[in-house]
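Enquirer: Structure file query_0.csv (CSV, C-alpha atoms) right here:
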```csv
chain,number,residue,atom,x,y,z
A,1343,MET,CA,38.5,-94.2,-80.1
A,1344,THR,CA,41.6,-93.3,-78.1
A,1345,SER,CA,41.6,-91.1,-75.1
A,1346,ARG,CA,44.2,-88.3,-75.1
A,1347,HIS,CA,44.6,-85.1,-73.2
A,1348,THR,CA,44.5,-81.8,-75.0
A,1349,LEU,CA,45.4,-78.3,-73.9
A,1350,VAL,CA,43.0,-75.6,-75.1
A,1351,CYS,CA,44.1,-72.0,-74.9
A,1352,LEU,CA,41.5,-69.2,-74.9
A,1353,PRO,CA,41.6,-65.4,-74.7
A,1354,PRO,CA,40.6,-63.7,-71.5
A,1355,LEU,CA,37.0,-64.4,-70.3
A,1356,SER,CA,36.1,-62.8,-67.0
A,1357,ASP,CA,33.0,-65.0,-66.3
A,1358,PRO,CA,33.8,-68.7,-65.6
A,1359,HIS,CA,30.3,-69.6,-66.7
A,1360,ASP,CA,31.3,-68.7,-70.3
A,1361,TRP,CA,34.3,-71.1,-70.3
A,1362,ALA,CA,32.5,-74.3,-71.3
A,1363,ASP,CA,30.8,-72.7,-74.3
A,1364,ALA,CA,34.1,-71.1,-75.3
A,1365,ILE,CA,35.8,-74.5,-75.3
A,1366,ASP,CA,33.0,-76.0,-77.4
A,1367,GLU,CA,33.3,-73.2,-79.9
A,1368,ALA,CA,37.1,-73.5,-80.0
A,1369,ILE,CA,37.1,-77.3,-80.8
A,1370,ALA,CA,34.1,-77.1,-83.1
A,1371,PRO,CA,36.3,-76.8,-86.3
A,1372,TYR,CA,37.9,-80.1,-85.6
A,1373,PRO,CA,35.0,-82.7,-85.4
A,1374,ASP,CA,37.2,-85.4,-87.0
A,1375,ASP,CA,40.0,-84.9,-84.5
A,1376,LEU,CA,38.5,-84.1,-81.2
A,1377,TYR,CA,35.6,-85.5,-79.3
A,1378,THR,CA,34.5,-84.4,-75.9
A,1379,TRP,CA,31.3,-84.7,-73.8
A,1380,THR,CA,29.8,-83.2,-70.7
A,1381,ALA,CA,31.5,-80.6,-68.5
A,1382,TYR,CA,32.0,-83.3,-65.9
A,1383,GLY,CA,33.5,-85.9,-68.2
A,1384,ARG,CA,35.6,-83.6,-70.4
A,1385,TYR,CA,38.2,-82.3,-67.9
A,1386,ASP,CA,41.5,-84.1,-67.2
A,1387,THR,CA,43.3,-82.7,-64.1
A,1388,HIS,CA,46.8,-82.2,-65.4
A,1389,LEU,CA,47.8,-78.7,-64.6
A,1390,ALA,CA,49.4,-77.7,-61.3
A,1391,VAL,CA,48.2,-74.6,-59.6
A,1392,ARG,CA,50.3,-72.1,-57.7
A,1393,PRO,CA,50.4,-72.6,-53.9
A,1394,ASP,CA,48.7,-69.3,-53.3
A,1395,ALA,CA,45.8,-69.9,-55.8
A,1396,THR,CA,42.4,-70.7,-54.3
A,1397,PRO,CA,39.2,-71.9,-56.0
A,1398,SER,CA,37.2,-69.3,-54.3
A,1399,ASN,CA,38.3,-66.7,-56.7
A,1400,GLY,CA,36.7,-68.6,-59.6
A,1401,SER,CA,39.8,-68.4,-61.7
A,1402,PHE,CA,40.3,-72.1,-62.3
A,1403,VAL,CA,38.4,-75.3,-62.8
A,1404,GLN,CA,38.5,-78.3,-60.5
A,1405,SER,CA,37.6,-81.8,-61.6
A,1406,SER,CA,37.2,-84.9,-59.4
A,1407,ARG,CA,38.1,-87.4,-62.1
A,1408,GLY,CA,41.6,-86.2,-63.1
A,1409,ARG,CA,44.9,-88.1,-62.8
A,1410,GLN,CA,46.7,-87.7,-59.5
A,1411,SER,CA,50.1,-85.9,-60.1
A,1412,GLY,CA,51.3,-85.4,-56.6
A,1413,LEU,CA,50.9,-81.6,-57.0
A,1414,PRO,CA,48.0,-79.3,-56.2
A,1415,ALA,CA,46.1,-79.7,-59.5
A,1416,CYS,CA,43.3,-78.2,-61.5
A,1417,SER,CA,41.8,-78.7,-65.0
A,1418,GLY,CA,42.5,-75.2,-66.2
A,1419,GLY,CA,42.1,-71.5,-65.7
A,1420,ARG,CA,44.1,-68.3,-65.9
A,1421,ARG,CA,47.7,-68.7,-67.0
A,1422,ASP,CA,49.1,-66.7,-64.1
A,1423,LEU,CA,47.6,-69.2,-61.6
A,1424,LEU,CA,49.2,-72.3,-63.2
A,1425,ASP,CA,52.5,-73.5,-62.0
A,1426,PHE,CA,54.4,-74.8,-65.0
A,1427,PRO,CA,57.9,-74.8,-63.3
A,1428,ALA,CA,56.5,-77.0,-60.5
A,1429,MET,CA,55.2,-79.5,-63.1
A,1430,ARG,CA,58.5,-79.7,-64.9
A,1431,THR,CA,60.4,-80.2,-61.6
A,1432,HIS,CA,58.0,-82.9,-60.5
A,1433,ARG,CA,58.3,-84.9,-63.7
A,1434,ALA,CA,62.1,-84.5,-63.9
A,1435,THR,CA,62.4,-85.8,-60.3
A,1436,GLN,CA,60.2,-88.8,-61.2
A,1437,ALA,CA,62.3,-89.5,-64.3
A,1438,SER,CA,65.6,-89.3,-62.4
A,1439,ARG,CA,64.3,-91.6,-59.7
A,1440,LEU,CA,63.1,-94.2,-62.3
A,1441,TYR,CA,66.3,-94.1,-64.4
A,1442,ARG,CA,68.5,-94.6,-61.4
A,1443,ALA,CA,66.4,-97.4,-60.0
A,1444,TRP,CA,66.2,-99.2,-63.3
A,1445,LYS,CA,70.0,-98.9,-63.8
A,1446,SER,CA,70.6,-100.2,-60.4
A,1447,ALA,CA,68.2,-103.1,-60.8
A,1448,THR,CA,69.7,-104.1,-64.2
A,1449,ALA,CA,73.4,-103.6,-63.2
A,1450,ALA,CA,74.2,-107.3,-63.4
A,1451,LEU,CA,72.5,-107.7,-66.9
A,1452,PRO,CA,73.9,-106.8,-70.3
A,1453,PRO,CA,72.6,-103.5,-71.7
A,1454,ALA,CA,69.2,-103.6,-73.2
A,1455,VAL,CA,69.0,-103.4,-77.0
A,1456,PRO,CA,67.3,-100.2,-78.2
A,1457,LEU,CA,64.0,-100.3,-80.0
A,1458,SER,CA,65.6,-99.0,-83.2
A,1459,SER,CA,67.6,-102.2,-83.6
A,1460,PHE,CA,64.4,-104.3,-83.5
A,1461,HIS,CA,62.9,-102.1,-86.2
A,1462,GLN,CA,65.9,-102.7,-88.4
A,1463,HIS,CA,65.4,-106.4,-88.0
A,1464,HIS,CA,61.7,-106.2,-88.7
A,1465,PRO,CA,61.2,-103.1,-90.9
A,1466,GLN,CA,57.8,-104.4,-92.2
A,1467,ASP,CA,56.5,-105.5,-88.8
A,1468,PRO,CA,56.7,-102.7,-86.2
A,1469,GLY,CA,54.3,-104.7,-83.9
A,1470,ARG,CA,56.7,-107.6,-83.8
A,1471,ALA,CA,59.7,-105.3,-83.3
A,1472,LEU,CA,58.0,-103.7,-80.3
A,1473,GLN,CA,57.0,-107.0,-78.8
A,1474,GLU,CA,60.5,-108.4,-79.0
A,1475,PHE,CA,61.9,-105.2,-77.6
A,1476,ARG,CA,59.5,-105.3,-74.6
A,1477,THR,CA,60.3,-109.0,-73.8
A,1478,GLN,CA,63.9,-108.3,-73.0
A,1479,PRO,CA,64.7,-109.3,-69.4
A,1480,GLN,CA,66.1,-105.8,-68.7
A,1481,LEU,CA,62.6,-104.4,-69.4
A,1482,GLN,CA,60.7,-107.0,-67.4
A,1483,VAL,CA,62.4,-105.4,-64.3
A,1484,LEU,CA,60.3,-102.3,-64.8
A,1485,THR,CA,57.2,-104.1,-63.6
A,1486,ASP,CA,58.8,-104.3,-60.1
A,1487,LEU,CA,59.7,-100.6,-60.0
A,1488,ASP,CA,57.4,-97.8,-59.0
A,1489,ALA,CA,57.2,-96.3,-62.5
A,1490,PRO,CA,54.6,-93.7,-63.1
A,1491,ARG,CA,51.7,-95.0,-65.3
A,1492,SER,CA,51.5,-93.4,-68.7
A,1493,HIS,CA,49.7,-93.9,-72.0
A,1494,ARG,CA,53.1,-93.3,-73.5
A,1495,ARG,CA,54.5,-96.5,-72.0
A,1496,ASN,CA,56.2,-97.7,-75.2
A,1497,ALA,CA,57.8,-94.4,-75.9
A,1498,GLU,CA,58.9,-94.0,-72.3
A,1499,THR,CA,60.5,-97.5,-72.3
A,1500,ALA,CA,62.2,-96.8,-75.6
A,1501,ALA,CA,63.6,-93.6,-74.3
A,1502,LEU,CA,64.8,-95.2,-71.0
A,1503,VAL,CA,66.9,-97.6,-73.0
A,1504,ALA,CA,68.2,-95.2,-75.7
A,1505,LEU,CA,69.0,-92.1,-73.6
A,1506,ASP,CA,71.4,-91.4,-70.8
A,1507,HIS,CA,70.3,-90.0,-67.4
A,1508,ASP,CA,70.4,-86.3,-68.2
A,1509,ALA,CA,68.7,-86.7,-71.6
A,1510,PHE,CA,66.0,-88.9,-70.1
A,1511,VAL,CA,65.3,-86.3,-67.3
A,1512,GLU,CA,65.3,-83.4,-69.8
A,1513,ARG,CA,62.8,-85.3,-72.0
A,1514,ALA,CA,60.5,-85.7,-69.0
A,1515,ARG,CA,60.8,-82.0,-68.2
A,1516,GLN,CA,59.8,-81.1,-71.7
A,1517,LEU,CA,56.8,-83.5,-71.6
A,1518,ALA,CA,55.5,-82.2,-68.2
A,1519,VAL,CA,53.3,-79.4,-69.4
A,1520,PRO,CA,52.1,-79.9,-73.0
A,1521,GLY,CA,49.2,-82.1,-73.7
A,1522,ASP,CA,49.2,-84.6,-76.6
A,1523,LEU,CA,47.5,-81.9,-78.6
A,1524,LEU,CA,47.6,-78.1,-78.3
A,1525,LEU,CA,44.9,-75.8,-79.5
A,1526,THR,CA,46.2,-72.3,-79.6
A,1527,VAL,CA,44.2,-69.1,-79.1
A,1528,ASP,CA,44.2,-68.4,-82.9
A,1529,GLY,CA,42.5,-71.8,-83.5
A,1530,THR,CA,45.5,-73.8,-84.7
A,1531,LEU,CA,45.6,-77.4,-83.6
A,1532,HIS,CA,49.0,-78.9,-83.1
A,1533,ILE,CA,49.3,-82.7,-82.7
A,1534,ASN,CA,52.2,-84.6,-81.2
A,1535,PRO,CA,53.4,-86.9,-84.1
A,1536,SER,CA,54.0,-89.7,-81.6
A,1537,LEU,CA,50.2,-90.1,-81.6
A,1538,ILE,CA,50.3,-91.0,-85.3
A,1539,ASN,CA,53.5,-93.1,-85.1
A,1540,ALA,CA,54.2,-94.2,-81.6
A,1541,ASP,CA,57.4,-96.0,-82.6
A,1542,ASP,CA,59.3,-93.2,-84.3
A,1543,ALA,CA,62.6,-91.8,-82.9
A,1544,GLU,CA,60.7,-88.8,-81.5
A,1545,PRO,CA,62.3,-86.0,-83.6
A,1546,GLY,CA,58.8,-84.8,-84.6
A,1547,SER,CA,57.6,-85.1,-81.0
A,1548,THR,CA,60.7,-83.1,-79.8
A,1549,ARG,CA,59.7,-80.3,-82.2
A,1550,TYR,CA,56.1,-80.4,-81.0
A,1551,LEU,CA,57.2,-80.2,-77.4
A,1552,ALA,CA,59.5,-77.3,-78.0
A,1553,LEU,CA,56.8,-75.4,-79.8
A,1554,ALA,CA,54.2,-76.1,-77.2
A,1555,ASN,CA,56.4,-75.2,-74.3
A,1556,ARG,CA,57.5,-71.9,-75.9
A,1557,TYR,CA,53.9,-71.0,-76.7
A,1558,LEU,CA,52.5,-71.8,-73.2
A,1559,ASP,CA,55.3,-70.0,-71.4
A,1560,ALA,CA,54.7,-66.9,-73.5
A,1561,LEU,CA,50.9,-66.9,-73.1
A,1562,PRO,CA,49.8,-63.6,-71.4
A,1563,PRO,CA,48.8,-64.0,-67.7
A,1564,ASP,CA,45.1,-63.3,-68.2
A,1565,HIS,CA,44.7,-65.9,-70.9
A,1566,LEU,CA,43.1,-69.3,-70.2
A,1567,VAL,CA,44.5,-72.8,-70.5
A,1568,PHE,CA,42.3,-75.9,-70.0
A,1569,SER,CA,43.3,-79.6,-70.0
A,1570,LEU,CA,40.7,-81.8,-71.6
A,1571,ASP,CA,40.3,-85.5,-71.9
A,1572,VAL,CA,39.3,-86.0,-75.5
A,1573,ARG,CA,38.7,-88.8,-77.9
A,1574,LEU,CA,40.6,-89.1,-81.2
A,1575,ALA,CA,39.0,-90.5,-84.2
A,1576,GLY,CA,40.1,-94.0,-85.2
```
Take the structure in this file and express it as structure tokens.

Expert:
Amino acid sequence: MTSRHTLVCLPPLSDPHDWADAIDEAIAPYPDDLYTWTAYGRYDTHLAVRPDATPSNGSFVQSSRGRQSGLPACSGGRRDLLDFPAMRTHRATQASRLYRAWKSATAALPPAVPLSSFHQHHPQDPGRALQEFRTQPQLQVLTDLDAPRSHRRNAETAALVALDHDAFVERARQLAVPGDLLLTVDGTLHINPSLINADDAEPGSTRYLALANRYLDALPPDHLVFSLDVRLAG
């Protein structure tokens, strides 16, 4: 099974002791899509907290096993204590730094060929297309750069080649907050299509990210958002 992070949104719950049970109830309708385990193992620290938020008020969850983002982070809690703008700024800054460093490091080389061209040459063998794309000397340079680690490595590399600086940075900004999956308060599960087809041109992923960002930004301040490390079937 593949590990991915999922954002679970819940209505207001005043007692944090009720949160774990509420999460279990919310994901229960999707046994074929979502797997999680203990309260310790389930959380993925992905969400930034506002500088004035403190754990003493019991309004958000902390986890010791989450990814390090460079921002004060938590695993979830009240929407009004989460700092989505800071997350977007942080990811955009990282993307801009990576893009400029890669362009500088490859300035003496011819432009890299986009992944779509390799798919055209190998329409029945996407694995071979991806392998040949990644063996280009321009992409080997990435191993020497301080690129943020991501389970979206192939999609990130494809975007780096295909997009200009501003588009690459905006893509990073849109990716900063949504998880790979979004479970809304009404129980609807939205899945980023790139999880199903990691080699697509990302139009489906772009629609997912737009939907997820709009939804999360509009969530009432007393509602809850949690970032979970889940397992996908297959």

Enquirer: Figure out the distance between CA of Asp1508 in chain A and CA of Ser1438 in chain A, please, to one decimal in Å.

Expert: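 So the answer is 8.1 Å.
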
Enquirer: Go ahead and compute the interatomic distance for CA of Leu1481 in chain A and CA of Ala1454 in chain A, in Å to one decimal.

Expert: 7.7 Å

Enquirer: Could you give me, as a list in words, the residues within 10 Å of His1532 in chain A, counting all atoms listed in the file and dropping anything in the same chain fewer than 3 positions from it?

Expert: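 The contact residues come out as Thr1348, Leu1349, Gly1521, Asp1522, Leu1523, Leu1524, Leu1525, Thr1526, Gly1529, Pro1535, Tyr1550, Leu1553 and Ala1554 of chain A.
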
Enquirer: In terms of the shortest atom-to-atom distance over all atoms listed in the file, which of A:Leu1531, A:Leu1424, A:Met1429, A:Ala1415 is closest to Val1519 in chain A?

Expert: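 Looking at the shortest contact to Val1519 in chain A, the residue is A:Met1429.
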
Enquirer: Between CA of Asn1496 in chain A and CA of Ser1417 in chain A, what is the spacing in Å?

Expert: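 Distance between the two atoms: 25.9 Å.
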
Enquirer: Given only C-alpha atoms as the basis, pick out the residue of A:Trp1444, A:Tyr1385, A:Phe1402, A:Phe1510 nearest to Leu1423 in chain A.

Expert: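 Among A:Trp1444, A:Tyr1385, A:Phe1402, A:Phe1510, it is A:Phe1402 that comes nearest to Leu1423 in chain A.
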
Enquirer: When you look at Ile1365 in chain A with a cut-off of 9 Å (counting only C-alpha atoms), what residues show up, excluding the ones that are within fewer than 2 positions of it in the same chain? I need them as a list in words.

Expert: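 My reading of the contact set: Val1350, Cys1351, Leu1352, Asp1360, Trp1361, Ala1362, Asp1363, Glu1367, Ala1368, Ile1369, Ala1370 and Phe1568 of chain A.
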
Enquirer: For Ala1504 in chain A, list every protein, DNA or RNA residue within 12 Å, evaluated using only C-alpha atoms, and leave out those in the same chain fewer than 2 positions away; present the list as a list of chain:residue names.

Expert: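 Once the nearby chain positions are removed, what remains is A:Tyr1441, A:Pro1453, A:Ala1454, A:Val1455, A:Pro1456, A:Leu1457, A:Ser1458, A:Ser1459, A:Phe1475, A:Ala1497, A:Glu1498, A:Thr1499, A:Ala1500, A:Ala1501, A:Leu1502, A:Asp1506, A:His1507, A:Asp1508, A:Ala1509, A:Phe1510, A:Arg1513, A:Ala1543, A:Glu1544.
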
Enquirer: Quick one: residues within 9 Å of Pro1563 in chain A, all atoms listed in the file counted, chain neighbours fewer than 5 positions away excluded, as a list of chain:residue names?

Expert: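 Here the qualifying residues turn out to be A:Arg1420, A:Arg1421, A:Asp1422, A:Leu1423.
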
Enquirer: Output C-alpha atoms for every residue in the selection just made, as a short mmCIF file (atom, residue, chain, number, x, y, z; two decimals), keeping the file's coordinate frame.

Expert:
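Dumped everything to selection.cif:
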```
data_model
loop_
_atom_site.label_atom_id
_atom_site.label_comp_id
_atom_site.auth_asym_id
_atom_site.auth_seq_id
_atom_site.Cartn_x
_atom_site.Cartn_y
_atom_site.Cartn_z
CA ARG A 1420 44.10 -68.30 -65.90
CA ARG A 1421 47.70 -68.70 -67.00
CA ASP A 1422 49.10 -66.70 -64.10
CA LEU A 1423 47.60 -69.20 -61.60
#
```

Enquirer: Scan for residues within 10 Å of the point (53.9, -78.7, -65.2) in the coordinates of the file, using all atoms listed in the file, and reply as a list in words.

Expert: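 Residues with an atom close enough to that point: His1388, Leu1389, Ala1390, Val1391, Ser1411, Leu1413, Ala1415, Leu1424, Asp1425, Phe1426, Pro1427, Ala1428, Met1429, Arg1430, Thr1431, His1432, Arg1433, Arg1515, Gln1516, Leu1517, Ala1518, Val1519 and Pro1520 of chain A.
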
Enquirer: Let me make sure I understand: among A:Pro1373, A:Pro1468, A:Pro1414, A:Pro1358, which one has the smallest atom-to-atom distance to Pro1393 in chain A if we use all atoms listed in the file?

Expert: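 Of all the options, A:Pro1414 lies closest to Pro1393 in chain A.
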